[in-house]
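The structure appears right after this line, and notes come after that.
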Amino acid sequence: MKNIIIAFFAIVSMAALKGQSLLPNNPIMYEVNLRHHTQTGNIEAFLPSIEELKYLGVNVVWIMPSQPIGKKKRKAKGDVFVEDLVQVEGEVDKWEKYKGSPYAIADYTAVNPDYGTLEDFRTLVKKCHENRMIVILDWVANHTAWDHKWISEHPEWYMKNDKGEITDPLDKAGKSLGWTDVAKLNYSEPGLRKAMIASMKFWVDSVDLDGFRCDVAMDVPSDFWHEATTELRKIKPVFMLAESEEHDMNQFTGPFNAYYGWEVHHILNKISQGKETPNDLCKAIASKQKKFPTNVYSMNFITNHDENAWNGTLFERMGDAWKAMAVFTYFTPGIPLLYTGQEVGNNKRLAFFEKDNVRAGRDASKIMDFYHQLGELKLSLPEAGISADLNMPISFNMEDKALISWVRETAEADKTKRSRTYIAINMSDKAQKWNKYPAGSVILSSGGSEKEIEPWGYRVIKMNYKSR
């Protein structure tokens, strides 16, 4: 039997984050798609769900963009604009049918009337705080809607082509990314920076927001994020999540506390489909831990709004492997994410530009209980938090090209007082023999026996301190 051991340094203690982030020590994040979360699709209808999130152990609530959406060049589907459908078909109700992308923002300091009012949003934040949850808002700093007032008032704040025309976002070769419903901002303009930071401060000051999930963070200059967070953290120690694995996240001056684990996510998809192995996963994790500071965390996920809308449901992408992959995201270092409908087994690709509704799976209550169990267990284990394993390496062990295992451990100087948990996952569709069952109590299991882990099976074992 061959063991491939990939070591990486674990997370620094929460004390190192004081004054830098409001992130809980053992974070569990939930992404709220207000449009699709309830039948009504507004804030008032969402509020009772806060109790459900609490049941799931959620303590970080990420709200997708909640500001008004532009009408000019609003997308209906593909590259078709709503205004073109109305002109050709003469159907004004298309404006009601096609709500547009939440990422085409027409006003940074207002609330989309489909969702409610600014006071409703304040109520949402307050209720989350009462339930010991922090709230972050999706922030779209890279581009605006075409009918944002800045287009007419400050056209110099936008990127232009050779003809002097404002452009949609382009790639490095100057080719459109396809986001034709938005206009790309130009951060060489000091006035834009000042206005954008003022808009962010508005939400922290007047709504008591706790931070931001920063859309396509790598396409906005790093020095802007430094400038913005410096100002924001004069108000409160905001938590900043970058939708990026590319951005500058310097340990001492970096603006971001967490990053998207896109690469690991894609590998989990491919392992589920038999296209990659746990060895590829171990290498990716090791690479990320070398690249990022120890106090910048990976946000780990098996679905989100982009994956669901464009690449398929969790069950389409991962099939029978989804539970094993969920266990991985909860107990590997970092921040696990749940997305709207995931907790009830949503088995539908939710529309991106229209109002849609979650479709719960047949085993909705069992799936809810599964995520409740994961959350309750994670929150009960100090070694599963971001302050665990201070200055101690974690090794991911790979055996027989299928079984992956690792140990989470606290950092007490006296080893006999350390709290340890062992995690093993069979990342294949075939049963795997298992000869390294550690002494301790099984606290989470997919079934099976001590000598074999069933296909896509898992074990979480609270170890006796002498069993290392």
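The chains in the structure tokens are called A, B, ... from first to last as shown; in each chain the residues are counted from 1, and the ligands are counted from 1 in the order shown.
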Going by DSSP on the backbone, which bits of range 166-208 of chain A are alpha helix (DSSP H)? Write them as a list of chain:residue names, please.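 So the alpha helix (DSSP H) residues in range 166-208 of chain A would be A:Pro190, A:Gly191, A:Leu192, A:Arg193, A:Lys194, A:Ala195, A:Met196, A:Ile197, A:Ala198, A:Ser199, A:Met200, A:Lys201, A:Phe202, A:Trp203, A:Val204, A:Asp205, A:Ser206, A:Val207.
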Enumerate as a ChimeraX atom specification all residues of range 119-270 of chain A assigned to strand (DSSP E or B) by DSSP on the backbone, naming them with the chain letters and numbers the document uses. /A:134-139,143-145,158,160,166,170,176,182-185,211-214,239-242,258-260
Can you tell me which residues surround Trp434 in chain A at a distance of at most 9 Å, considering only C-alpha atoms, apart from same-chain residues fewer than 4 positions away, and format the answer as a short mmCIF file (atom, residue, chain, number, x, y, z; two decimals) with N, CA and C atoms, in the first residue's frame?
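To be explicit, this is the file written out as part24.cif:
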```cif
data_model
loop_
_atom_site.label_atom_id
_atom_site.label_comp_id
_atom_site.auth_asym_id
_atom_site.auth_seq_id
_atom_site.Cartn_x
_atom_site.Cartn_y
_atom_site.Cartn_z
N LEU A 403 -9.00 6.21 -1.33
CA LEU A 403 -9.34 6.58 0.04
C LEU A 403 -8.47 7.75 0.49
N GLU A 450 -15.94 -1.78 9.91
CA GLU A 450 -14.65 -1.24 10.30
C GLU A 450 -13.55 -1.59 9.30
N LYS A 451 -13.75 -2.62 8.51
CA LYS A 451 -12.70 -3.08 7.61
C LYS A 451 -12.90 -2.66 6.16
N GLU A 452 -14.01 -2.00 5.90
CA GLU A 452 -14.29 -1.61 4.52
C GLU A 452 -15.14 -0.35 4.51
N ILE A 453 -14.82 0.54 3.59
CA ILE A 453 -15.66 1.72 3.40
C ILE A 453 -16.39 1.58 2.08
#
```
List every residue of range 188-266 of chain A that has an atom at most 12 Å from any atom of range 271-276 of chain A, giving for each one its closest atom pair and the distance in Å to one decimal, counting only C-alpha atoms, sorted by chain and then by ascending residue number, as JSON lines.
```
{"residue": "A:Val264", "atom": "CA", "partner": "A:Ile271", "partner_atom": "CA", "distance": 10.4}
{"residue": "A:His265", "atom": "CA", "partner": "A:Ile271", "partner_atom": "CA", "distance": 9.9}
{"residue": "A:His266", "atom": "CA", "partner": "A:Ile271", "partner_atom": "CA", "distance": 8.7}
```
Just to be explicit: take each residue in the selection above, keep C-alpha atoms, and write the result as a compact mmCIF listing (two decimals), in the first residue's frame.
```txt
# COMPACT_ATOMS: atom_id res chain seq x y z
CA VAL A 264 -10.83 22.22 -5.60
CA HIS A 265 -14.53 22.40 -6.42
CA HIS A 266 -13.94 21.51 -10.06
```
Go through range 91-210 of chain A and flag each residue having an atom no more than 6 Å from range 72-86 of chain A; for those, report the closest pair of atoms plus their distance in Å to one decimal, using only C-alpha atoms, ordered by chain and rising number, as JSON lines.
```
{"residue": "A:Glu91", "atom": "CA", "partner": "A:Val86", "partner_atom": "CA", "distance": 5.0}
{"residue": "A:Val92", "atom": "CA", "partner": "A:Val86", "partner_atom": "CA", "distance": 5.7}
{"residue": "A:Tyr98", "atom": "CA", "partner": "A:Ala76", "partner_atom": "CA", "distance": 5.5}
{"residue": "A:Gly100", "atom": "CA", "partner": "A:Arg74", "partner_atom": "CA", "distance": 5.5}
{"residue": "A:Trp146", "atom": "CA", "partner": "A:Lys72", "partner_atom": "CA", "distance": 5.7}
{"residue": "A:Asp147", "atom": "CA", "partner": "A:Lys72", "partner_atom": "CA", "distance": 5.8}
{"residue": "A:Asp181", "atom": "CA", "partner": "A:Lys73", "partner_atom": "CA", "distance": 5.1}
```
When you look at range 320-325 of chain A with a cut-off of 6 Å (counting only C-alpha atoms), what residues show up, excluding the ones that are within fewer than 2 positions of it in the same chain? I need them as a PyMOL selection string. chain A and resi 272+318+327-328+456
Using the selection just defined, write its residues with C-alpha atoms as a CSV table (one decimal), in the first residue's frame.
```csv
chain,number,residue,atom,x,y,z
A,272,SER,CA,-17.4,12.3,-8.9
A,318,MET,CA,-21.9,14.6,-8.6
A,327,VAL,CA,-18.5,15.9,4.2
A,328,PHE,CA,-15.2,16.9,2.6
A,456,TRP,CA,-18.6,7.2,-1.7
```
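Nearest-residue note for Asn304 in chain A: choosing from A:Leu338, A:Leu22, A:Ala424, A:Val60, the minimum distance belongs to A:Leu338, counting only C-alpha atoms.
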Within 12 Å of Ile134 in chain A, counting only C-alpha atoms, which residues show up once you throw out same-chain ones fewer than 4 positions away? Write them as a short mmCIF file (atom, residue, chain, number, x, y, z; two decimals) with N, CA and C atoms, in the first residue's frame, please.
```cif
data_model
loop_
_atom_site.label_atom_id
_atom_site.label_comp_id
_atom_site.auth_asym_id
_atom_site.auth_seq_id
_atom_site.Cartn_x
_atom_site.Cartn_y
_atom_site.Cartn_z
N SER A 21 -11.49 40.88 11.18
CA SER A 21 -12.66 40.21 10.62
C SER A 21 -13.62 39.78 11.71
N LEU A 22 -14.91 39.80 11.37
CA LEU A 22 -15.95 39.35 12.29
C LEU A 22 -16.26 37.87 12.11
N LEU A 23 -15.48 37.17 11.32
CA LEU A 23 -15.74 35.78 11.00
C LEU A 23 -15.76 34.92 12.27
N PRO A 24 -16.83 34.12 12.47
CA PRO A 24 -16.86 33.21 13.62
C PRO A 24 -15.71 32.20 13.56
N PRO A 27 -16.89 28.77 11.13
CA PRO A 27 -17.90 29.33 10.23
C PRO A 27 -18.58 28.31 9.33
N ILE A 28 -19.88 28.50 9.14
CA ILE A 28 -20.67 27.78 8.14
C ILE A 28 -21.46 28.85 7.38
N MET A 29 -21.27 28.93 6.08
CA MET A 29 -21.85 30.00 5.27
C MET A 29 -23.04 29.50 4.46
N TYR A 30 -23.99 30.40 4.28
CA TYR A 30 -25.17 30.10 3.45
C TYR A 30 -25.38 31.23 2.45
N ILE A 50 -34.61 32.25 8.53
CA ILE A 50 -33.46 32.44 9.40
C ILE A 50 -33.42 31.36 10.48
N LYS A 54 -30.43 28.68 11.20
CA LYS A 54 -29.89 28.44 12.55
C LYS A 54 -29.88 26.94 12.84
N VAL A 58 -25.78 27.53 10.49
CA VAL A 58 -25.25 28.65 9.71
C VAL A 58 -24.95 29.84 10.62
N ASN A 59 -23.79 30.44 10.44
CA ASN A 59 -23.44 31.65 11.20
C ASN A 59 -22.87 32.76 10.31
N VAL A 60 -22.82 32.51 9.00
CA VAL A 60 -22.43 33.54 8.03
C VAL A 60 -23.46 33.51 6.90
N VAL A 61 -24.18 34.60 6.71
CA VAL A 61 -25.23 34.67 5.69
C VAL A 61 -24.76 35.59 4.57
N TRP A 62 -24.64 35.02 3.38
CA TRP A 62 -24.26 35.80 2.19
C TRP A 62 -25.51 36.04 1.36
N ILE A 63 -25.84 37.32 1.18
CA ILE A 63 -26.99 37.71 0.37
C ILE A 63 -26.51 38.09 -1.02
N LEU A 124 -33.64 42.36 8.13
CA LEU A 124 -32.98 41.09 7.84
C LEU A 124 -31.65 41.00 8.59
N VAL A 125 -30.84 42.05 8.48
CA VAL A 125 -29.54 42.06 9.15
C VAL A 125 -29.71 41.97 10.66
N LYS A 126 -30.65 42.72 11.19
CA LYS A 126 -30.88 42.72 12.63
C LYS A 126 -31.28 41.33 13.12
N LYS A 127 -32.18 40.67 12.41
CA LYS A 127 -32.64 39.34 12.83
C LYS A 127 -31.50 38.31 12.74
N CYS A 128 -30.66 38.45 11.74
CA CYS A 128 -29.51 37.56 11.65
C CYS A 128 -28.56 37.79 12.82
N HIS A 129 -28.32 39.05 13.15
CA HIS A 129 -27.45 39.37 14.28
C HIS A 129 -28.03 38.81 15.59
N GLU A 130 -29.34 38.89 15.74
CA GLU A 130 -29.98 38.36 16.95
C GLU A 130 -29.78 36.85 17.06
N VAL A 204 -22.39 49.47 5.43
CA VAL A 204 -21.82 49.15 6.74
C VAL A 204 -22.32 50.15 7.78
N ASP A 208 -25.60 48.27 9.06
CA ASP A 208 -24.82 47.43 9.98
C ASP A 208 -24.37 46.13 9.33
N LEU A 209 -24.11 46.19 8.02
CA LEU A 209 -23.59 45.03 7.29
C LEU A 209 -22.22 44.65 7.83
N ASP A 210 -21.88 43.36 7.73
CA ASP A 210 -20.64 42.84 8.33
C ASP A 210 -19.53 42.56 7.31
N GLY A 211 -19.81 42.78 6.04
CA GLY A 211 -18.77 42.54 5.05
C GLY A 211 -19.35 42.30 3.67
N PHE A 212 -18.49 41.82 2.76
CA PHE A 212 -18.89 41.69 1.37
C PHE A 212 -18.30 40.43 0.74
N PRO A 237 -14.68 45.70 11.85
CA PRO A 237 -13.77 44.71 11.24
C PRO A 237 -14.49 43.81 10.23
N VAL A 238 -14.79 44.36 9.06
CA VAL A 238 -15.59 43.63 8.07
C VAL A 238 -14.88 42.37 7.58
N PHE A 239 -15.70 41.38 7.22
CA PHE A 239 -15.23 40.14 6.61
C PHE A 239 -15.33 40.27 5.10
N MET A 240 -14.24 39.93 4.39
CA MET A 240 -14.20 40.08 2.94
C MET A 240 -13.89 38.75 2.26
#
```
Show me, as a VMD selection string, the residues that have an atom within 9 Å of Gln373 in chain A when counting only C-alpha atoms, minus same-chain residues fewer than 4 positions from it. chain A and resid 56 to 57 368 to 369 377 to 378 444
With only C-alpha atoms as the counted atoms, please give the residues lying no more than 6 Å from Tyr260 in chain A, apart from itself and same-chain residues fewer than 5 positions off, as an NGL selection string. :A and (243-244 or 298-299)
Separation of CA of Gln39 in chain A and CA of Ala326 in chain A, in Å?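 Atom-to-atom, CA of Gln39 in chain A and CA of Ala326 in chain A are spaced 26.6 Å apart.
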